[in-house]
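Pasted below: entry.txt, compact mmCIF, C-alpha atoms.
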# COMPACT_ATOMS: atom_id res chain seq x y z
CA MET A 1 24.50 -7.08 8.62
CA ALA A 2 21.46 -7.88 6.52
CA PHE A 3 19.47 -4.90 5.33
CA THR A 4 15.71 -4.82 5.70
CA TYR A 5 14.94 -2.58 2.71
CA SER A 6 17.22 -3.39 -0.20
CA LYS A 7 17.41 -2.43 -3.84
CA ILE A 8 16.90 -5.44 -6.10
CA ALA A 9 17.21 -3.63 -9.41
CA THR A 10 16.74 -0.22 -10.95
CA TYR A 11 16.46 1.03 -14.50
CA THR A 12 16.55 4.51 -16.02
CA VAL A 13 15.27 4.93 -19.57
CA GLY A 14 17.77 6.29 -22.02
CA SER A 15 17.51 8.40 -25.14
CA GLY A 16 14.74 7.38 -27.51
CA GLY A 17 12.62 5.65 -24.89
CA ILE A 18 11.67 2.01 -24.51
CA PRO A 19 8.37 0.13 -24.84
CA SER A 20 8.68 -2.03 -21.74
CA VAL A 21 10.69 -2.90 -18.65
CA SER A 22 10.87 -6.32 -17.00
CA PHE A 23 12.29 -7.44 -13.69
CA LEU A 24 13.19 -11.10 -14.12
CA ASN A 25 14.40 -13.76 -11.68
CA ILE A 26 13.22 -11.79 -8.67
CA PRO A 27 14.87 -13.27 -5.56
CA GLN A 28 12.46 -15.18 -3.37
CA ASN A 29 14.11 -14.32 -0.04
CA TYR A 30 12.27 -11.11 0.79
CA THR A 31 8.90 -10.68 2.49
CA ASP A 32 7.45 -7.86 0.39
CA LEU A 33 8.30 -5.99 -2.79
CA ILE A 34 8.05 -2.25 -3.42
CA LEU A 35 8.13 -0.97 -6.99
CA LYS A 36 8.73 2.76 -7.39
CA VAL A 37 8.30 4.42 -10.75
CA SER A 38 8.64 7.85 -12.31
CA LEU A 39 7.07 7.87 -15.76
CA ARG A 40 6.50 9.89 -18.88
CA ALA A 41 5.36 8.70 -22.30
CA THR A 42 6.80 9.55 -25.70
CA ALA A 43 3.32 9.93 -27.20
CA ALA A 44 -0.08 11.36 -26.39
CA THR A 45 -1.47 7.93 -25.57
CA SER A 46 -2.28 6.37 -22.25
CA GLY A 47 0.12 4.83 -19.78
CA GLY A 48 1.54 1.47 -18.90
CA HIS A 49 0.23 -1.79 -17.58
CA LEU A 50 1.71 -4.55 -15.44
CA THR A 51 1.73 -8.33 -15.49
CA PHE A 52 3.26 -10.82 -13.08
CA ASN A 53 5.15 -13.88 -14.31
CA SER A 54 4.16 -12.98 -17.92
CA ASN A 55 0.68 -14.17 -17.03
CA ALA A 56 -2.15 -12.32 -18.78
CA ALA A 57 -5.14 -13.45 -16.74
CA GLY A 58 -6.80 -12.92 -13.38
CA TYR A 59 -6.26 -9.22 -12.73
CA THR A 60 -8.83 -6.99 -11.06
CA GLU A 61 -8.42 -3.51 -9.66
CA SER A 62 -10.29 -0.75 -7.89
CA VAL A 63 -9.19 2.86 -7.81
CA LEU A 64 -10.14 5.99 -5.91
CA TYR A 65 -9.11 8.92 -8.06
CA GLY A 66 -8.93 12.64 -8.25
CA GLU A 67 -8.47 14.09 -11.71
CA GLY A 68 -8.37 17.84 -11.89
CA ALA A 69 -11.51 18.96 -10.05
CA THR A 70 -13.24 15.56 -10.31
CA THR A 71 -13.19 12.69 -7.85
CA GLY A 72 -14.49 9.21 -8.43
CA HIS A 73 -14.09 5.48 -8.22
CA ALA A 74 -13.70 2.88 -10.91
CA SER A 75 -13.13 -0.86 -11.21
CA ASN A 76 -11.55 -2.94 -13.90
CA SER A 77 -10.72 -6.53 -14.67
CA GLY A 78 -8.61 -7.94 -17.44
CA SER A 79 -5.25 -9.19 -18.57
CA SER A 80 -3.10 -6.75 -16.56
CA LEU A 81 -3.10 -4.03 -13.92
CA VAL A 82 -3.49 -0.63 -15.53
CA TRP A 83 -3.98 2.13 -13.00
CA PRO A 84 -0.73 1.88 -11.00
CA PHE A 85 1.02 3.20 -14.08
CA LEU A 86 -0.50 6.58 -14.59
CA THR A 87 1.93 8.11 -17.06
CA VAL A 88 2.48 11.73 -18.00
CA LEU A 89 1.77 12.08 -21.70
CA SER A 90 4.11 13.72 -24.17
CA THR A 91 1.67 16.59 -24.65
CA TYR A 92 1.72 17.54 -20.97
CA THR A 93 3.99 20.11 -19.37
CA ALA A 94 7.61 19.45 -20.28
CA ASN A 95 9.90 17.87 -17.71
CA THR A 96 7.02 16.53 -15.60
CA PHE A 97 6.80 12.86 -14.65
CA SER A 98 4.26 10.81 -12.72
CA ASN A 99 5.40 9.17 -9.51
CA GLY A 100 4.10 5.93 -8.12
CA ALA A 101 4.73 3.40 -5.36
CA ILE A 102 3.32 -0.11 -5.61
CA TYR A 103 3.46 -2.27 -2.48
CA ILE A 104 3.32 -6.05 -3.07
CA PRO A 105 3.10 -7.93 0.25
CA ASN A 106 3.94 -11.64 0.65
CA TYR A 107 4.84 -12.01 -3.01
CA THR A 108 6.18 -15.56 -2.54
CA SER A 109 3.05 -16.88 -0.83
CA SER A 110 0.63 -19.40 -2.26
CA ASN A 111 -2.28 -16.98 -1.75
CA PHE A 112 -3.77 -14.63 -4.31
CA LYS A 113 -1.58 -11.51 -4.54
CA ALA A 114 -3.05 -8.14 -3.61
CA ILE A 115 -1.20 -4.87 -4.16
CA SER A 116 -1.64 -1.37 -2.78
CA ALA A 117 -0.58 1.48 -5.05
CA ASP A 118 -0.45 5.26 -4.89
CA VAL A 119 0.41 7.25 -7.97
CA VAL A 120 0.28 10.94 -8.81
CA GLN A 121 0.95 13.38 -11.57
CA GLU A 122 1.12 17.13 -11.12
CA ASN A 123 1.96 19.39 -14.03
CA ASN A 124 0.65 22.85 -13.29
CA ALA A 125 -2.41 22.16 -15.44
CA THR A 126 -5.91 20.75 -15.20
CA THR A 127 -4.67 17.28 -16.10
CA SER A 128 -3.21 16.63 -12.67
CA ALA A 129 -4.26 13.37 -11.02
CA LEU A 130 -3.96 11.27 -7.88
CA TYR A 131 -4.84 7.56 -7.79
CA ALA A 132 -5.13 5.25 -4.77
CA GLU A 133 -5.56 1.70 -5.91
CA VAL A 134 -5.99 -1.87 -4.78
CA GLY A 135 -5.19 -4.58 -7.29
CA LEU A 136 -5.50 -8.33 -7.17
CA TRP A 137 -3.82 -11.06 -9.18
CA SER A 138 -5.93 -14.15 -8.59
CA ASN A 139 -3.06 -16.56 -8.89
CA THR A 140 -1.32 -18.64 -6.22
CA SER A 141 2.11 -18.73 -7.89
CA PRO A 142 5.00 -16.89 -6.27
CA ILE A 143 5.87 -13.73 -8.18
CA ASN A 144 9.20 -14.18 -9.93
CA SER A 145 8.93 -11.53 -12.64
CA ILE A 146 7.23 -8.18 -13.20
CA SER A 147 6.71 -6.66 -16.63
CA ILE A 148 5.57 -3.10 -17.27
CA VAL A 149 4.54 -2.25 -20.82
CA SER A 150 3.90 1.27 -22.12
CA GLY A 151 0.95 2.32 -24.27
CA SER A 152 3.59 3.96 -26.45
CA ASN A 153 7.16 4.19 -25.14
CA PHE A 154 8.38 5.24 -21.73
CA ALA A 155 10.32 8.46 -22.27
CA GLN A 156 13.93 9.15 -21.45
CA HIS A 157 14.58 9.73 -17.74
CA SER A 158 11.66 7.53 -16.67
CA THR A 159 12.79 5.31 -13.79
CA PHE A 160 11.80 1.93 -12.38
CA SER A 161 13.19 0.69 -9.06
CA LEU A 162 12.34 -2.59 -7.38
CA TYR A 163 13.06 -3.00 -3.66
CA GLY A 164 12.78 -6.00 -1.39
CA VAL A 165 11.68 -5.73 2.24
CA LYS A 166 12.67 -8.42 4.73
CA ALA A 167 10.62 -8.92 7.87
CA GLU A 168 13.24 -11.15 9.49
CA ILE A 169 14.00 -10.09 13.04
CA MET B 1 26.66 1.37 7.94
CA PRO B 2 23.67 1.65 10.33
CA ARG B 3 20.35 0.22 9.24
CA THR B 4 17.62 2.81 8.88
CA TYR B 5 14.65 0.50 8.26
CA GLU B 6 14.30 -2.46 10.61
CA PRO B 7 11.62 -5.00 11.48
CA ILE B 8 10.68 -4.58 15.14
CA ALA B 9 8.29 -7.51 15.27
CA THR B 10 6.46 -9.76 12.86
CA ARG B 11 3.65 -12.22 13.25
CA THR B 12 2.09 -14.86 11.02
CA LEU B 13 -1.11 -16.41 12.31
CA ASN B 14 -1.33 -20.17 12.62
CA THR B 15 -4.90 -19.95 13.85
CA ASP B 16 -7.70 -17.41 13.60
CA THR B 17 -7.08 -14.55 16.05
CA SER B 18 -9.38 -11.74 17.14
CA THR B 19 -6.87 -8.95 17.85
CA ILE B 20 -3.21 -8.33 17.15
CA THR B 21 -1.04 -6.31 19.54
CA PHE B 22 2.52 -5.10 19.19
CA SER B 23 3.69 -4.14 22.66
CA SER B 24 6.90 -2.83 24.21
CA ILE B 25 7.68 -0.86 21.06
CA PRO B 26 11.16 0.63 21.54
CA SER B 27 11.43 4.41 21.43
CA THR B 28 14.69 4.34 19.50
CA TYR B 29 13.23 4.90 16.03
CA THR B 30 11.94 8.05 14.41
CA ASP B 31 8.88 6.67 12.62
CA LEU B 32 6.89 3.44 12.47
CA VAL B 33 5.44 1.54 9.53
CA LEU B 34 2.86 -1.17 10.19
CA VAL B 35 2.26 -3.50 7.25
CA VAL B 36 -0.74 -5.82 7.32
CA ASN B 37 -1.56 -8.49 4.76
CA ALA B 38 -4.55 -10.19 6.26
CA TYR B 39 -8.22 -11.06 5.93
CA SER B 40 -11.23 -11.22 8.20
CA THR B 41 -13.24 -14.37 8.83
CA SER B 42 -16.44 -12.31 8.87
CA THR B 43 -19.17 -13.46 6.51
CA GLY B 44 -20.17 -9.84 5.92
CA ASN B 45 -18.22 -6.65 5.40
CA ASP B 46 -15.48 -5.73 7.81
CA ASN B 47 -13.10 -2.92 8.70
CA ILE B 48 -9.85 -2.68 10.60
CA GLY B 49 -9.30 -0.32 13.52
CA LEU B 50 -6.17 0.81 15.33
CA VAL B 51 -5.87 1.38 19.09
CA ILE B 52 -2.77 3.00 20.59
CA ASN B 53 -1.28 2.17 23.99
CA GLY B 54 -4.43 0.24 24.87
CA ASP B 55 -6.36 3.50 25.21
CA SER B 56 -10.03 2.60 24.82
CA GLY B 57 -11.23 6.12 25.56
CA THR B 58 -12.83 8.39 23.02
CA ASN B 59 -9.50 10.02 22.22
CA TYR B 60 -9.33 9.31 18.51
CA SER B 61 -10.60 11.04 15.41
CA TRP B 62 -10.18 10.21 11.76
CA THR B 63 -11.04 11.35 8.28
CA ARG B 64 -11.06 9.07 5.28
CA MET B 65 -11.57 9.21 1.56
CA TYR B 66 -13.02 6.13 -0.06
CA GLY B 67 -14.00 4.71 -3.39
CA VAL B 68 -16.44 1.84 -3.86
CA SER B 69 -18.98 0.71 -6.46
CA GLY B 70 -18.35 3.70 -8.69
CA VAL B 71 -18.82 6.19 -5.89
CA SER B 72 -16.20 8.26 -4.07
CA GLY B 73 -16.67 10.12 -0.83
CA THR B 74 -15.26 11.23 2.46
CA THR B 75 -16.33 10.65 6.03
CA ARG B 76 -15.05 11.73 9.40
CA THR B 77 -15.55 10.64 12.98
CA THR B 78 -14.63 12.48 16.13
CA SER B 79 -14.26 11.24 19.70
CA SER B 80 -13.95 7.64 18.58
CA ASN B 81 -12.45 4.78 20.59
CA GLN B 82 -10.11 3.79 17.75
CA ILE B 83 -8.73 4.94 14.43
CA GLY B 84 -10.98 3.40 11.79
CA GLN B 85 -12.56 2.75 9.36
CA GLY B 86 -9.98 0.86 7.38
CA THR B 87 -11.46 -1.06 4.50
CA PHE B 88 -10.76 -4.75 4.88
CA GLY B 89 -11.38 -7.95 2.96
CA THR B 90 -13.20 -11.04 4.16
CA GLY B 91 -12.23 -14.58 3.25
CA SER B 92 -8.88 -16.10 2.37
CA THR B 93 -9.06 -15.03 -1.27
CA LYS B 94 -9.09 -11.40 -0.11
CA TYR B 95 -5.81 -10.85 1.68
CA SER B 96 -5.91 -7.10 2.21
CA PRO B 97 -2.82 -4.91 2.12
CA VAL B 98 -3.09 -2.23 4.80
CA ILE B 99 -0.24 0.15 5.59
CA TYR B 100 -0.05 2.61 8.49
CA ASN B 101 2.68 5.25 8.75
CA ILE B 102 3.14 6.79 12.19
CA MET B 103 5.52 9.72 12.31
CA ASN B 104 7.47 10.95 15.34
CA TYR B 105 5.75 8.35 17.50
CA SER B 106 7.97 8.54 20.56
CA ASN B 107 7.84 12.23 21.33
CA ALA B 108 6.11 13.30 24.55
CA THR B 109 4.94 16.69 23.32
CA THR B 110 2.53 16.32 20.43
CA PHE B 111 -0.65 14.42 19.71
CA LYS B 112 0.07 11.53 17.33
CA THR B 113 -1.03 11.42 13.70
CA VAL B 114 -1.44 8.24 11.65
CA LEU B 115 -1.47 8.07 7.87
CA GLY B 116 -3.20 4.98 6.53
CA ARG B 117 -4.02 3.11 3.34
CA ALA B 118 -6.54 0.30 3.55
CA ASN B 119 -7.81 -1.90 0.76
CA GLU B 120 -10.41 -4.54 0.12
CA PRO B 121 -9.46 -6.60 -2.92
CA VAL B 122 -11.10 -5.72 -5.11
CA GLY B 123 -13.86 -3.53 -3.84
CA GLN B 124 -13.23 -0.56 -1.64
CA VAL B 125 -10.15 1.65 -1.44
CA THR B 126 -9.54 3.90 1.55
CA THR B 127 -6.94 6.50 2.39
CA LEU B 128 -7.19 7.95 5.87
CA VAL B 129 -5.68 10.17 8.51
CA GLY B 130 -6.14 9.48 12.20
CA LEU B 131 -5.34 11.41 15.34
CA TRP B 132 -4.74 10.15 18.86
CA ARG B 133 -5.16 12.99 21.30
CA SER B 134 -2.38 12.06 23.66
CA THR B 135 1.13 13.37 24.12
CA ALA B 136 2.36 10.01 25.41
CA ALA B 137 4.98 8.13 23.46
CA ILE B 138 3.50 5.22 21.52
CA THR B 139 4.52 1.93 23.10
CA SER B 140 1.86 -0.43 21.77
CA LEU B 141 -0.43 -0.82 18.78
CA THR B 142 -3.52 -3.02 18.65
CA LEU B 143 -5.45 -3.98 15.54
CA ASN B 144 -9.17 -4.70 15.95
CA LEU B 145 -11.87 -5.82 13.57
CA TYR B 146 -15.28 -4.18 13.44
CA ALA B 147 -17.42 -7.23 12.70
CA SER B 148 -18.79 -8.97 15.78
CA GLY B 149 -17.06 -12.29 16.41
CA ALA B 150 -14.71 -11.90 13.46
CA ASN B 151 -11.08 -12.97 13.53
CA TYR B 152 -7.99 -12.38 11.48
CA GLY B 153 -7.71 -15.57 9.49
CA ALA B 154 -4.90 -18.08 9.68
CA GLY B 155 -2.06 -17.14 7.36
CA SER B 156 -2.52 -13.40 7.95
CA THR B 157 0.72 -11.50 8.46
CA PHE B 158 1.53 -8.37 10.44
CA THR B 159 4.92 -6.64 10.58
CA LEU B 160 5.97 -3.52 12.45
CA TYR B 161 8.99 -1.68 11.06
CA GLY B 162 10.99 1.12 12.63
CA ILE B 163 12.66 3.86 10.61
CA LYS B 164 15.65 5.71 11.99
CA ALA B 165 16.36 9.21 10.76
CA ALA B 166 19.75 9.17 12.42

Using the file provided, produce a representation of the structure as structure tokens.
Amino acid sequence: MAFTYSKIATYTVGSGGIPSVSFLNIPQNYTDLILKVSLRATAATSGGHLTFNSNAAGYTESVLYGEGATTGHASNSGSSLVWPFLTVLSTYTANTFSNGAIYIPNYTSSNFKAISADVVQENNATTSALYAEVGLWSNTSPINSISIVSGSNFAQHSTFSLYGVKAEI
Amino acid sequence: MPRTYEPIATRTLNTDTSTITFSSIPSTYTDLVLVVNAYSTSTGNDNIGLVINGDSGTNYSWTRMYGVSGVSGTTRTTSSNQIGQGTFGTGSTKYSPVIYNIMNYSNATTFKTVLGRANEPVGQVTTLVGLWRSTAAITSLTLNLYASGANYGAGSTFTLYGIKAA
């Protein structure tokens, strides 16, 4: 029996951390992709960013955020998607990690690719945050790889899991 | 091993279509997930709305948080005829991912709550909660557009998944 929601690949960061994670040769036989991450950085610098197909152009994003006691909205355009990868910094409360889910519908289509992401960090301090984001990769190519690069290194015990969802009845 | 996450129905539009309905939803799942990747043919702004069991009465309320143009806010509507106001993109370069989660949809005791995320690439972001004030089991879901005369554009996709907790 075919499963609707299947793990494609998962990675847990080991001792010493790593600067990036890539999912390559993503199978093209699912309908949607879901990327789930749990992240912490090894330094006091900002978090990760994502590119599709190693392509560094055509990304725009819009985020509704709550940071501590502040809410707001921001937009960005550039060479990658930044806000889905809110990352707990090394200076934040020990043993805390951000958690995020990035939904990528119709990733094999010939349309521009829009994503919906929700990511949070809570660390019993004023630096807590919640982001709801829409991102767009203005490219018609099917997505066959995803790369996530840290602003420093992703710390040990950070996790990255890529799932495929099949809409076949 | 039993499957816990199954597609109930899926639809890809060959032509522009004004409303999308999933009917005869089986009651055998625990929760529903409705995934939309679609755009409106409206030449202005548009929003997506959700109607349950074809109930066009004022039996819905919703609260949303939104972010757009550097501003964030929250709005609420009571006694509405649908669960809105889901941010939605217009034009085929703005396929909009919208995801509704509907928990415990088949019980006949409680009013039904919907958790939604709606997006306009790349303008407005919305997260919302909706309530349908009915104890009836959910057997159909209809997706409307706000803009007069607007359609869901050809190529838009809609998939309803069921999740089994057993």

Region 13-96 of chain B near region 100-108 of chain B within 9 Å: what's each residue's closest atom pair and its distance in Å to one decimal, counting all atoms listed in the file, ordered by chain then ascending residue number, as JSON lines?
{"residue": "B:Pro26", "atom": "CA", "partner": "B:Ser106", "partner_atom": "CA", "distance": 8.6}
{"residue": "B:Ser27", "atom": "CA", "partner": "B:Ser106", "partner_atom": "CA", "distance": 5.5}
{"residue": "B:Thr28", "atom": "CA", "partner": "B:Ser106", "partner_atom": "CA", "distance": 8.0}
{"residue": "B:Tyr29", "atom": "CA", "partner": "B:Ser106", "partner_atom": "CA", "distance": 7.8}
{"residue": "B:Thr30", "atom": "CA", "partner": "B:Asn104", "partner_atom": "CA", "distance": 5.4}
{"residue": "B:Asp31", "atom": "CA", "partner": "B:Met103", "partner_atom": "CA", "distance": 4.5}
{"residue": "B:Leu32", "atom": "CA", "partner": "B:Ile102", "partner_atom": "CA", "distance": 5.0}
{"residue": "B:Val33", "atom": "CA", "partner": "B:Asn101", "partner_atom": "CA", "distance": 4.7}
{"residue": "B:Leu34", "atom": "CA", "partner": "B:Tyr100", "partner_atom": "CA", "distance": 5.1}
{"residue": "B:Val35", "atom": "CA", "partner": "B:Tyr100", "partner_atom": "CA", "distance": 6.6}
{"residue": "B:Val36", "atom": "CA", "partner": "B:Tyr100", "partner_atom": "CA", "distance": 8.5}

Kindly assemble as CSV a list of the chain B residues that lie within 9 Å of chain A, each paired with its nearest atom pair and their distance in Å to one decimal, using all atoms listed in the file, sorted first by chain and then by ascending residue number.
residue,atom,partner,partner_atom,distance
B:Met1,CA,A:Met1,CA,8.7
B:Pro2,CA,A:Met1,CA,8.9
B:Arg3,CA,A:Phe3,CA,6.5
B:Thr4,CA,A:Thr4,CA,8.5
B:Tyr5,CA,A:Thr4,CA,6.0
B:Glu6,CA,A:Thr4,CA,5.6
B:Pro7,CA,A:Ala167,CA,5.4
B:Ile8,CA,A:Ile169,CA,6.8
B:Ala9,CA,A:Ile169,CA,6.7
B:Thr10,CA,A:Ala167,CA,6.6
B:Val35,CA,A:Pro105,CA,8.3
B:Val36,CA,A:Pro105,CA,8.3
B:Asn37,CA,A:Pro105,CA,6.5
B:Met65,CA,A:Leu64,CA,8.3
B:Tyr66,CA,A:Leu64,CA,6.5
B:Gly67,CA,A:Leu64,CA,4.8
B:Val68,CA,A:His73,CA,6.1
B:Ser69,CA,A:His73,CA,7.1
B:Gly70,CA,A:His73,CA,4.6
B:Val71,CA,A:His73,CA,5.3
B:Ser72,CA,A:Gly72,CA,4.8
B:Gly73,CA,A:Gly72,CA,8.0
B:Ser92,CA,A:Asn111,CA,7.8
B:Thr93,CA,A:Phe112,CA,6.1
B:Lys94,CA,A:Phe112,CA,7.5
B:Tyr95,CA,A:Ala114,CA,6.6
B:Ser96,CA,A:Ala114,CA,6.6
B:Pro97,CA,A:Ser116,CA,6.2
B:Val98,CA,A:Ser116,CA,7.8
B:Ile99,CA,A:Ser116,CA,8.6
B:Arg117,CA,A:Ser116,CA,7.9
B:Ala118,CA,A:Ser116,CA,8.2
B:Asn119,CA,A:Val134,CA,5.8
B:Glu120,CA,A:Val134,CA,7.1
B:Pro121,CA,A:Leu136,CA,6.1
B:Val122,CA,A:Glu61,CA,5.7
B:Gly123,CA,A:Ser62,CA,6.1
B:Gln124,CA,A:Ser62,CA,6.9
B:Val125,CA,A:Leu64,CA,6.2
B:Thr126,CA,A:Leu64,CA,7.8
B:Thr127,CA,A:Ala132,CA,7.5
B:Thr157,CA,A:Asn106,CA,8.4
B:Thr159,CA,A:Ala167,CA,6.7
B:Leu160,CA,A:Ala167,CA,8.5
B:Tyr161,CA,A:Ala167,CA,8.1

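Distances from B:Ile83, B:Ile25, B:Ala154, B:Leu143 to Thr12 (chain B) were compared using all atoms listed in the file, and the smallest one belongs to B:Ala154.
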
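Atom to atom, CA of Gly84 (chain B) and CA of Asn47 (chain B) stand 7.3 Å apart.
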
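Nearest to Ser128 (chain A) of all the residues A:Tyr30, A:Phe85, A:Phe97, A:Phe52 is A:Phe97, counting all atoms listed in the file.
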
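Note that CA of Ser134 (chain B) and CA of Asn59 (chain B) are 7.5 Å apart.
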
As AutoDock Vina command-line options, what would the box around region 64-73 of chain A look like: edges along x, y and z, 4 Å added on every side, centre and edge lengths in Å to one decimal?
--center_x -11.4 --center_y 12.2 --center_z -8.9 --size_x 14.1 --size_y 21.5 --size_z 14.0

task: For CA of Ile34 (chain A) and CA of Tyr11 (chain A), quote the distance in Å rounded to one decimal.
output: 14.3 Å

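Proximity to Asn53 (chain B) was assessed for B:Lys112, B:Asn14, B:Val129, B:Ser23 counting all atoms listed in the file; the smallest distance is recorded for B:Ser23.
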
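Those residues that approach Thr43 (chain B) to within 12 Å, counting all atoms listed in the file, are Gly89, Thr90, Gly91, Ser92, Ala147, Ser148, Gly149, Ala150 and Asn151 of chain B; same-chain residues fewer than 5 positions away are not listed.
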